[in-house]
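Contents: one structure, followed by commentary.
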Amino acid sequence: MNKELPINVALHKEAARKAGIGDLDTYEIPQVIQDQAQYTGPFTDLTIGAFFEAEVAKNPDHDFLVMPDRGLRWSYAQFDDRVNSLAKGMLAIGLTRGMHLGVWARNVPDWLTFMFAAAKIGVVMVTMNSAYKSHELAYVLEQADLDALAVIDNFRDVDYVKTIRELVPESLENARGYLRSERFPHLKHLIYMGPEKHRGFYSMPELLLLGAHNPDSLVTDALAQVETDDVAMMQYTSGTTGFPKGVQLSHRNILNNGYYIGECQKLTAADRVCLPVPLFHCFGCVLGVMAVITHGATHVLLEEFNPFLVLSAVEKERATALYGVPTMFIAIMGHPSFDSFDLSSLRTGIMAGSPCPVETMKQVMSDMHMSEVTIAYGLTETSPVFTMTTVDDPADIRCETVGKAMPHADVRVIDPDTGEQCPPGVVGELCCRGYQVMKGYYKMPEASEQAIDADGFLHSGDLGTVDEQGYYRVTGRIKDMIIRGGENIYPREIEEFLYTLPEVKDVQVVAAPDKKYGELPAAFIILQDGANLSEDDVKEACYQQMARYKAPRYIVFVDEFPLTTSGKIMKYKMRETITEMLADGTIEPAASHL
């Protein structure tokens, strides 16, 4: 796994020779030096586009992407041809290195086509949550300085084209390629990821046809200009504080992280990885896509999670690996038809995104034949994985820890108060330094400096420990982040929206415990004097303007918030209150389908 280790050993021996140390043939390198050697450089310095072209050349006819529910099957070579045509089409309309392309879609096949086409020509792909509504879309359009936006038709209750029309009314007046938006001055191109034609949008066939009429040298020349430390993706996350931030991840960041994630599962070209997780998350596009291409394996992709379709896909395509958050695995094993499917092809996979119940892990290992299932931990800002178990770890380790530090990751447990490294067994903040740390938040230098300290360590905001053997455990959280079934929700974003309701005087959002999702948002609201607002009014307002998963599931109207003697709001007291209310039956648990 560590290609540069022999070079470092040779250099160390040369230094030892100059220092007058005796027989170098029998000289043993000190363990500490061997440990440090792993931090010299990751697996590859190639860009995503260059690496992928090498993979295509090695095994062009091997399955790259299979979508069983669509009857779609692309080989590496077929997919690469489509990528090159799209890349040439993008160049033809003026999208070049450093520009920002937003992709707002569920897991459709061309999500991946845009990902690799953008990577080849140096366009930064901005991944967008498919559950976004107008409030969130407008924020990303503006904050990310999007030059182009590619969309599908809809997702659940959101009509994407209609939403764009409302935010960008000029799209009905301006011809495609000539968009001039007063509100979003950077936005010049709208792309519809399908054959249908919409005023002001390029369709997918039009872009591919444009590409077909241009020489391949366009892509070759563009690819030669892309560098491994260029930003390849921007992924929006709530980060450690504040509003969603554009996490800038380079080719080096995500390609290398994907490789080591695949190594922990011992992936090979024979593996077929079933991905029912969203591609817009690092879970999908790094733990999934990057791990697959760095090992020449195959994607078995689903448009969205459905336990029956997952079971069908695994059986039909003989998938060897399956990814998901704990709630997904619970839903799969709880499906009425679970026992009728043959899952014996499964070997490994990843359970991540939120704390993994030990009993669920054990069930997955036994009932789903995933004896080598792994756990990964990290955050978007670390590309995302910096600790992970491996298939060789004992079952109890894979159930109870988040594994050891990944290769080339300097992981430490740091005392939040003193900044000192904690000894084994002592709780501190989990921090990471290495190639996988982001390049920073887009246009947010102060937030970047708060997240990454002067020594280069990214502070996760999570509390944990490390044992004598180097295995890490996550024990709690410093930050206020709510994690709902793998989805990060930052309370302040919800609070700022609720402040727009005229009846709301003050609001605080905290995490409420939930058996299915782990946590759900709960809003404590102080109303304006004489105002009248119901729980349903608050929820409906949120459903109309925000992704449904962010909407508070519990609304508690109060006269005041608990305060410290210095006047600071004690959110932990509100978390205790909502927990007690659920425990004693004062409020009913939220319906599981919400």
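Simple scheme: letters A, B, ... for chains in structure tokens order, numbers from 1 for residues in each chain, numbers from 1 for ligands in the order shown.
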_Expected answer as a PyMOL selection string: alpha helix (DSSP H) residues in region 166-259 of chain A_ = chain A and resi 166-167+204-212+217-225+251-259
How about saving the chosen residues, C-alpha atoms kept, as a PDB file, in the first residue's frame?
ATOM      1  CA  GLU A 166     -39.036  30.822  -9.904  1.00  0.00           C
ATOM      2  CA  LEU A 167     -35.478  31.702  -8.853  1.00  0.00           C
ATOM      3  CA  MET A 204     -28.117  16.089 -22.640  1.00  0.00           C
ATOM      4  CA  PRO A 205     -28.339  14.901 -26.282  1.00  0.00           C
ATOM      5  CA  GLU A 206     -27.460  18.414 -27.480  1.00  0.00           C
ATOM      6  CA  LEU A 207     -24.315  18.545 -25.364  1.00  0.00           C
ATOM      7  CA  LEU A 208     -23.271  15.058 -26.463  1.00  0.00           C
ATOM      8  CA  LEU A 209     -23.869  15.994 -30.116  1.00  0.00           C
ATOM      9  CA  LEU A 210     -21.816  19.164 -29.689  1.00  0.00           C
ATOM     10  CA  GLY A 211     -19.044  17.006 -28.291  1.00  0.00           C
ATOM     11  CA  ALA A 212     -19.229  14.510 -31.132  1.00  0.00           C
ATOM     12  CA  SER A 217      -7.690  16.730 -28.732  1.00  0.00           C
ATOM     13  CA  LEU A 218      -9.905  19.226 -26.869  1.00  0.00           C
ATOM     14  CA  VAL A 219     -10.145  16.827 -23.916  1.00  0.00           C
ATOM     15  CA  THR A 220      -6.531  15.692 -24.202  1.00  0.00           C
ATOM     16  CA  ASP A 221      -5.288  19.280 -24.079  1.00  0.00           C
ATOM     17  CA  ALA A 222      -7.602  20.211 -21.205  1.00  0.00           C
ATOM     18  CA  LEU A 223      -6.642  17.114 -19.207  1.00  0.00           C
ATOM     19  CA  ALA A 224      -2.961  18.003 -19.530  1.00  0.00           C
ATOM     20  CA  GLN A 225      -3.624  21.325 -17.781  1.00  0.00           C
ATOM     21  CA  HIS A 251      -8.129  15.323  -6.991  1.00  0.00           C
ATOM     22  CA  ARG A 252      -5.426  14.201  -4.554  1.00  0.00           C
ATOM     23  CA  ASN A 253      -7.866  14.340  -1.642  1.00  0.00           C
ATOM     24  CA  ILE A 254     -10.622  12.128  -2.945  1.00  0.00           C
ATOM     25  CA  LEU A 255      -8.776   9.804  -5.332  1.00  0.00           C
ATOM     26  CA  ASN A 256      -6.291   8.698  -2.685  1.00  0.00           C
ATOM     27  CA  ASN A 257      -8.919   8.464   0.019  1.00  0.00           C
ATOM     28  CA  GLY A 258     -10.986   6.232  -2.243  1.00  0.00           C
ATOM     29  CA  TYR A 259      -7.997   3.977  -2.849  1.00  0.00           C
TER      30      TYR A 259
END
*Name all residues at most 7 Å from Arg272 (chain A) (count only C-alpha atoms; drop same-chain ones fewer than 6 positions away) and give them as a ChimeraX atom specification.*
/A:297-300,319-321
Write the residues of the selection above to a file with N, CA, C and O atoms, as a PDB file, in the first residue's frame.
ATOM      1  N   ALA A 297     -13.156  -2.048 -10.099  1.00  0.00           N
ATOM      2  CA  ALA A 297     -14.350  -2.820  -9.759  1.00  0.00           C
ATOM      3  C   ALA A 297     -15.574  -2.285 -10.513  1.00  0.00           C
ATOM      4  O   ALA A 297     -15.454  -1.477 -11.441  1.00  0.00           O
ATOM      5  N   THR A 298     -16.754  -2.727 -10.103  1.00  0.00           N
ATOM      6  CA  THR A 298     -18.003  -2.382 -10.789  1.00  0.00           C
ATOM      7  C   THR A 298     -18.986  -1.722  -9.832  1.00  0.00           C
ATOM      8  O   THR A 298     -19.136  -2.166  -8.686  1.00  0.00           O
ATOM      9  N   HIS A 299     -19.665  -0.656 -10.319  1.00  0.00           N
ATOM     10  CA  HIS A 299     -20.745  -0.036  -9.550  1.00  0.00           C
ATOM     11  C   HIS A 299     -22.060  -0.732  -9.865  1.00  0.00           C
ATOM     12  O   HIS A 299     -22.400  -0.914 -11.037  1.00  0.00           O
ATOM     13  N   VAL A 300     -22.797  -1.091  -8.829  1.00  0.00           N
ATOM     14  CA  VAL A 300     -24.189  -1.509  -8.989  1.00  0.00           C
ATOM     15  C   VAL A 300     -24.992  -0.405  -8.313  1.00  0.00           C
ATOM     16  O   VAL A 300     -25.076  -0.325  -7.089  1.00  0.00           O
ATOM     17  N   ALA A 319     -23.795  -8.951  -6.181  1.00  0.00           N
ATOM     18  CA  ALA A 319     -22.962  -7.927  -5.547  1.00  0.00           C
ATOM     19  C   ALA A 319     -22.136  -8.548  -4.426  1.00  0.00           C
ATOM     20  O   ALA A 319     -22.613  -9.414  -3.680  1.00  0.00           O
ATOM     21  N   THR A 320     -20.902  -8.079  -4.308  1.00  0.00           N
ATOM     22  CA  THR A 320     -20.005  -8.591  -3.262  1.00  0.00           C
ATOM     23  C   THR A 320     -19.863  -7.616  -2.096  1.00  0.00           C
ATOM     24  O   THR A 320     -19.348  -7.982  -1.046  1.00  0.00           O
ATOM     25  N   ALA A 321     -20.304  -6.374  -2.301  1.00  0.00           N
ATOM     26  CA  ALA A 321     -20.189  -5.352  -1.258  1.00  0.00           C
ATOM     27  C   ALA A 321     -21.448  -4.491  -1.284  1.00  0.00           C
ATOM     28  O   ALA A 321     -22.053  -4.287  -2.336  1.00  0.00           O
TER      29      ALA A 321
END
*Counting only C-alpha atoms, which of A:Gly246, A:Gly464, A:Gly428, A:Gly434 gets nearest to Ile452 (chain A)?*
A:Gly434
*Please provide the set of residues having any atom within 12 Å of region 137-142 of chain A, restricted to only C-alpha atoms, with same-chain residues fewer than 6 positions apart removed, written as a ChimeraX atom specification.*
/A:100-104,126-131,148-151,158,160-161,163-168,181-188,190,234-237,243-246,442-443,493,545-547
*Identify all residues of region 252-380 of chain A in strand (DSSP E) (DSSP on the backbone) and supply them as a list in words.*
Arg272, Val273, Cys274, Leu275, Thr298, His299, Val300, Leu301, Ala321, Leu322, Tyr323, Gly324, Thr348, Gly349, Ile350, Met351, Glu372, Val373, Thr374, Ile375, Ala376, Tyr377 and Gly378 of chain A
*Would you mind telling me which residue in A:Arg473, A:Arg433, A:Met361, A:Lys573 lies nearest to Ala454 (chain A) when using only C-alpha atoms?*
A:Arg433
Contacts of region 507-519 of chain A at 8 Å (only C-alpha atoms; same-chain gap of 4+ positions) as an mmCIF file with N, CA, C and O atoms, in the first residue's frame:
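Okay, this is what ended up in result-v7.cif:
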data_model
loop_
_atom_site.group_PDB
_atom_site.id
_atom_site.type_symbol
_atom_site.label_atom_id
_atom_site.label_comp_id
_atom_site.auth_asym_id
_atom_site.auth_seq_id
_atom_site.Cartn_x
_atom_site.Cartn_y
_atom_site.Cartn_z
ATOM 1 N N THR A 327 -29.585 2.799 9.416
ATOM 2 C CA THR A 327 -31.034 2.708 9.190
ATOM 3 C C THR A 327 -31.359 1.963 7.896
ATOM 4 O O THR A 327 -32.396 1.304 7.796
ATOM 5 N N SER A 354 -23.489 7.443 10.598
ATOM 6 C CA SER A 354 -23.985 7.713 11.941
ATOM 7 C C SER A 354 -23.556 6.543 12.810
ATOM 8 O O SER A 354 -23.118 5.502 12.299
ATOM 9 N N PRO A 355 -23.631 6.683 14.139
ATOM 10 C CA PRO A 355 -23.185 5.597 15.012
ATOM 11 C C PRO A 355 -23.854 4.271 14.655
ATOM 12 O O PRO A 355 -25.058 4.204 14.428
ATOM 13 N N ASP A 480 -22.810 21.323 17.869
ATOM 14 C CA ASP A 480 -24.255 21.155 17.986
ATOM 15 C C ASP A 480 -24.863 20.362 16.834
ATOM 16 O O ASP A 480 -26.078 20.256 16.745
ATOM 17 N N MET A 481 -24.053 19.842 15.956
ATOM 18 C CA MET A 481 -24.554 19.129 14.795
ATOM 19 C C MET A 481 -25.568 18.053 15.163
ATOM 20 O O MET A 481 -25.392 17.327 16.138
ATOM 21 N N ILE A 482 -26.622 17.967 14.367
ATOM 22 C CA ILE A 482 -27.598 16.883 14.483
ATOM 23 C C ILE A 482 -27.317 15.923 13.332
ATOM 24 O O ILE A 482 -27.162 16.348 12.183
ATOM 25 N N ILE A 483 -27.222 14.647 13.631
ATOM 26 C CA ILE A 483 -26.989 13.657 12.578
ATOM 27 C C ILE A 483 -28.217 12.761 12.490
ATOM 28 O O ILE A 483 -28.470 11.937 13.361
ATOM 29 N N ARG A 484 -28.987 12.946 11.426
ATOM 30 C CA ARG A 484 -30.226 12.198 11.221
ATOM 31 C C ARG A 484 -29.998 11.141 10.149
ATOM 32 O O ARG A 484 -29.952 11.431 8.972
ATOM 33 N N GLY A 485 -29.804 9.902 10.574
ATOM 34 C CA GLY A 485 -29.633 8.816 9.612
ATOM 35 C C GLY A 485 -28.533 9.058 8.611
ATOM 36 O O GLY A 485 -28.642 8.690 7.448
ATOM 37 N N PRO A 491 -28.171 23.147 13.441
ATOM 38 C CA PRO A 491 -29.313 23.866 14.011
ATOM 39 C C PRO A 491 -29.443 25.312 13.561
ATOM 40 O O PRO A 491 -30.549 25.795 13.334
ATOM 41 N N ARG A 492 -28.300 26.013 13.420
ATOM 42 C CA ARG A 492 -28.397 27.430 13.105
ATOM 43 C C ARG A 492 -29.106 27.678 11.780
ATOM 44 O O ARG A 492 -29.835 28.660 11.620
ATOM 45 N N ILE A 494 -31.578 25.993 10.492
ATOM 46 C CA ILE A 494 -33.021 25.906 10.737
ATOM 47 C C ILE A 494 -33.486 27.119 11.537
ATOM 48 O O ILE A 494 -34.531 27.711 11.257
ATOM 49 N N GLU A 495 -32.684 27.500 12.538
ATOM 50 C CA GLU A 495 -33.045 28.650 13.367
ATOM 51 C C GLU A 495 -33.186 29.916 12.539
ATOM 52 O O GLU A 495 -34.151 30.677 12.686
ATOM 53 N N LEU A 498 -36.426 29.836 10.700
ATOM 54 C CA LEU A 498 -37.595 30.038 11.557
ATOM 55 C C LEU A 498 -37.713 31.495 12.020
ATOM 56 O O LEU A 498 -38.814 31.979 12.279
ATOM 57 N N TYR A 499 -36.586 32.176 12.086
ATOM 58 C CA TYR A 499 -36.635 33.600 12.439
ATOM 59 C C TYR A 499 -37.375 34.424 11.376
ATOM 60 O O TYR A 499 -37.841 35.535 11.656
ATOM 61 N N ALA A 523 -37.382 21.934 17.824
ATOM 62 C CA ALA A 523 -37.304 23.399 17.919
ATOM 63 C C ALA A 523 -38.025 23.890 19.170
ATOM 64 O O ALA A 523 -39.202 23.567 19.380
ATOM 65 N N PHE A 524 -37.311 24.655 19.987
ATOM 66 C CA PHE A 524 -37.899 25.345 21.137
ATOM 67 C C PHE A 524 -38.142 26.785 20.705
ATOM 68 O O PHE A 524 -37.191 27.479 20.309
ATOM 69 N N ILE A 525 -39.393 27.217 20.751
ATOM 70 C CA ILE A 525 -39.768 28.519 20.177
ATOM 71 C C ILE A 525 -40.420 29.421 21.221
ATOM 72 O O ILE A 525 -41.308 28.985 21.955
ATOM 73 N N ILE A 526 -39.961 30.673 21.260
ATOM 74 C CA ILE A 526 -40.627 31.732 22.024
ATOM 75 C C ILE A 526 -41.368 32.600 21.019
ATOM 76 O O ILE A 526 -40.757 33.122 20.077
ATOM 77 N N PRO A 552 -37.950 20.521 11.700
ATOM 78 C CA PRO A 552 -38.073 20.024 13.084
ATOM 79 C C PRO A 552 -39.227 19.037 13.214
ATOM 80 O O PRO A 552 -40.336 19.296 12.739
ATOM 81 N N LYS A 571 -28.020 24.858 25.622
ATOM 82 C CA LYS A 571 -28.705 23.943 24.711
ATOM 83 C C LYS A 571 -28.779 22.527 25.271
ATOM 84 O O LYS A 571 -29.740 21.798 25.002
ATOM 85 N N MET A 574 -31.922 21.873 27.002
ATOM 86 C CA MET A 574 -33.066 21.635 26.117
ATOM 87 C C MET A 574 -33.016 20.222 25.539
ATOM 88 O O MET A 574 -34.058 19.580 25.348
ATOM 89 N N ARG A 575 -31.804 19.724 25.275
ATOM 90 C CA ARG A 575 -31.687 18.336 24.820
ATOM 91 C C ARG A 575 -32.183 17.387 25.901
ATOM 92 O O ARG A 575 -32.868 16.398 25.621
ATOM 93 N N ILE A 578 -36.147 17.571 25.979
ATOM 94 C CA ILE A 578 -36.852 16.837 24.926
ATOM 95 C C ILE A 578 -36.689 15.335 25.126
ATOM 96 O O ILE A 578 -37.613 14.547 24.850
ATOM 97 N N THR A 579 -35.551 14.911 25.629
ATOM 98 C CA THR A 579 -35.342 13.487 25.915
ATOM 99 C C THR A 579 -36.299 13.012 26.996
ATOM 100 O O THR A 579 -36.907 11.931 26.898
ATOM 101 N N PRO A 589 -43.331 9.962 20.040
ATOM 102 C CA PRO A 589 -42.234 9.903 19.065
ATOM 103 C C PRO A 589 -42.736 10.217 17.660
ATOM 104 O O PRO A 589 -43.877 9.915 17.312
ATOM 105 N N SER A 592 -42.374 7.269 11.953
ATOM 106 C CA SER A 592 -41.129 6.769 11.354
ATOM 107 C C SER A 592 -40.989 7.110 9.878
ATOM 108 O O SER A 592 -39.898 7.124 9.351
#
At a cut-off of 9 Å, can you tabulate as JSON lines every residue of region 187-304 of chain A near region 402-424 of chain A together with its closest atom pair and the distance in Å to one decimal, using only C-alpha atoms and ordering rows by chain then number?
{"residue": "A:Asn257", "atom": "CA", "partner": "A:Met406", "partner_atom": "CA", "distance": 8.7}
{"residue": "A:Tyr260", "atom": "CA", "partner": "A:Pro407", "partner_atom": "CA", "distance": 7.2}
{"residue": "A:Ile261", "atom": "CA", "partner": "A:Met406", "partner_atom": "CA", "distance": 8.3}
{"residue": "A:Cys264", "atom": "CA", "partner": "A:Met406", "partner_atom": "CA", "distance": 8.9}
*Using only C-alpha atoms, which of A:Met370, A:Leu311, A:Met328, A:Leu179 sits nearest Val277 (chain A)?*
A:Met328
*Write out as a ChimeraX atom specification each polymer residue whose atoms come within 9 Å of Lys58 (chain A), counting only C-alpha atoms; drop sequence neighbours fewer than 4 positions from it.*
/A:53-54,296
*CA of Met368 (chain A) and CA of Val310 (chain A) are how many Å apart?*
12.1 Å
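Taking only C-alpha atoms into account, Val504 (chain A) lies nearest to A:Gln528 out of the set A:Asn488, A:Thr390, A:Gln528, A:Ser383.
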*With a distance cut-off of 8 Å and only C-alpha atoms, select the neighbouring residues of Phe561 (chain A), excluding the residue or stretch itself and same-chain residues fewer than 3 positions from it, and output the selection as an NGL selection string.*
:A and (558 or 569-570)
Residues from last step as file, N, CA and C atoms, as a PDB file, in the first residue's frame:
ATOM      1  N   VAL A 558     -42.154  27.686  24.401  1.00  0.00           N
ATOM      2  CA  VAL A 558     -41.717  28.003  25.766  1.00  0.00           C
ATOM      3  C   VAL A 558     -41.738  29.517  25.972  1.00  0.00           C
ATOM      4  N   ILE A 569     -27.171  30.643  26.451  1.00  0.00           N
ATOM      5  CA  ILE A 569     -28.218  29.628  26.356  1.00  0.00           C
ATOM      6  C   ILE A 569     -27.612  28.242  26.544  1.00  0.00           C
ATOM      7  N   MET A 570     -28.249  27.450  27.404  1.00  0.00           N
ATOM      8  CA  MET A 570     -27.768  26.096  27.686  1.00  0.00           C
ATOM      9  C   MET A 570     -28.533  25.098  26.813  1.00  0.00           C
TER      10      MET A 570
END
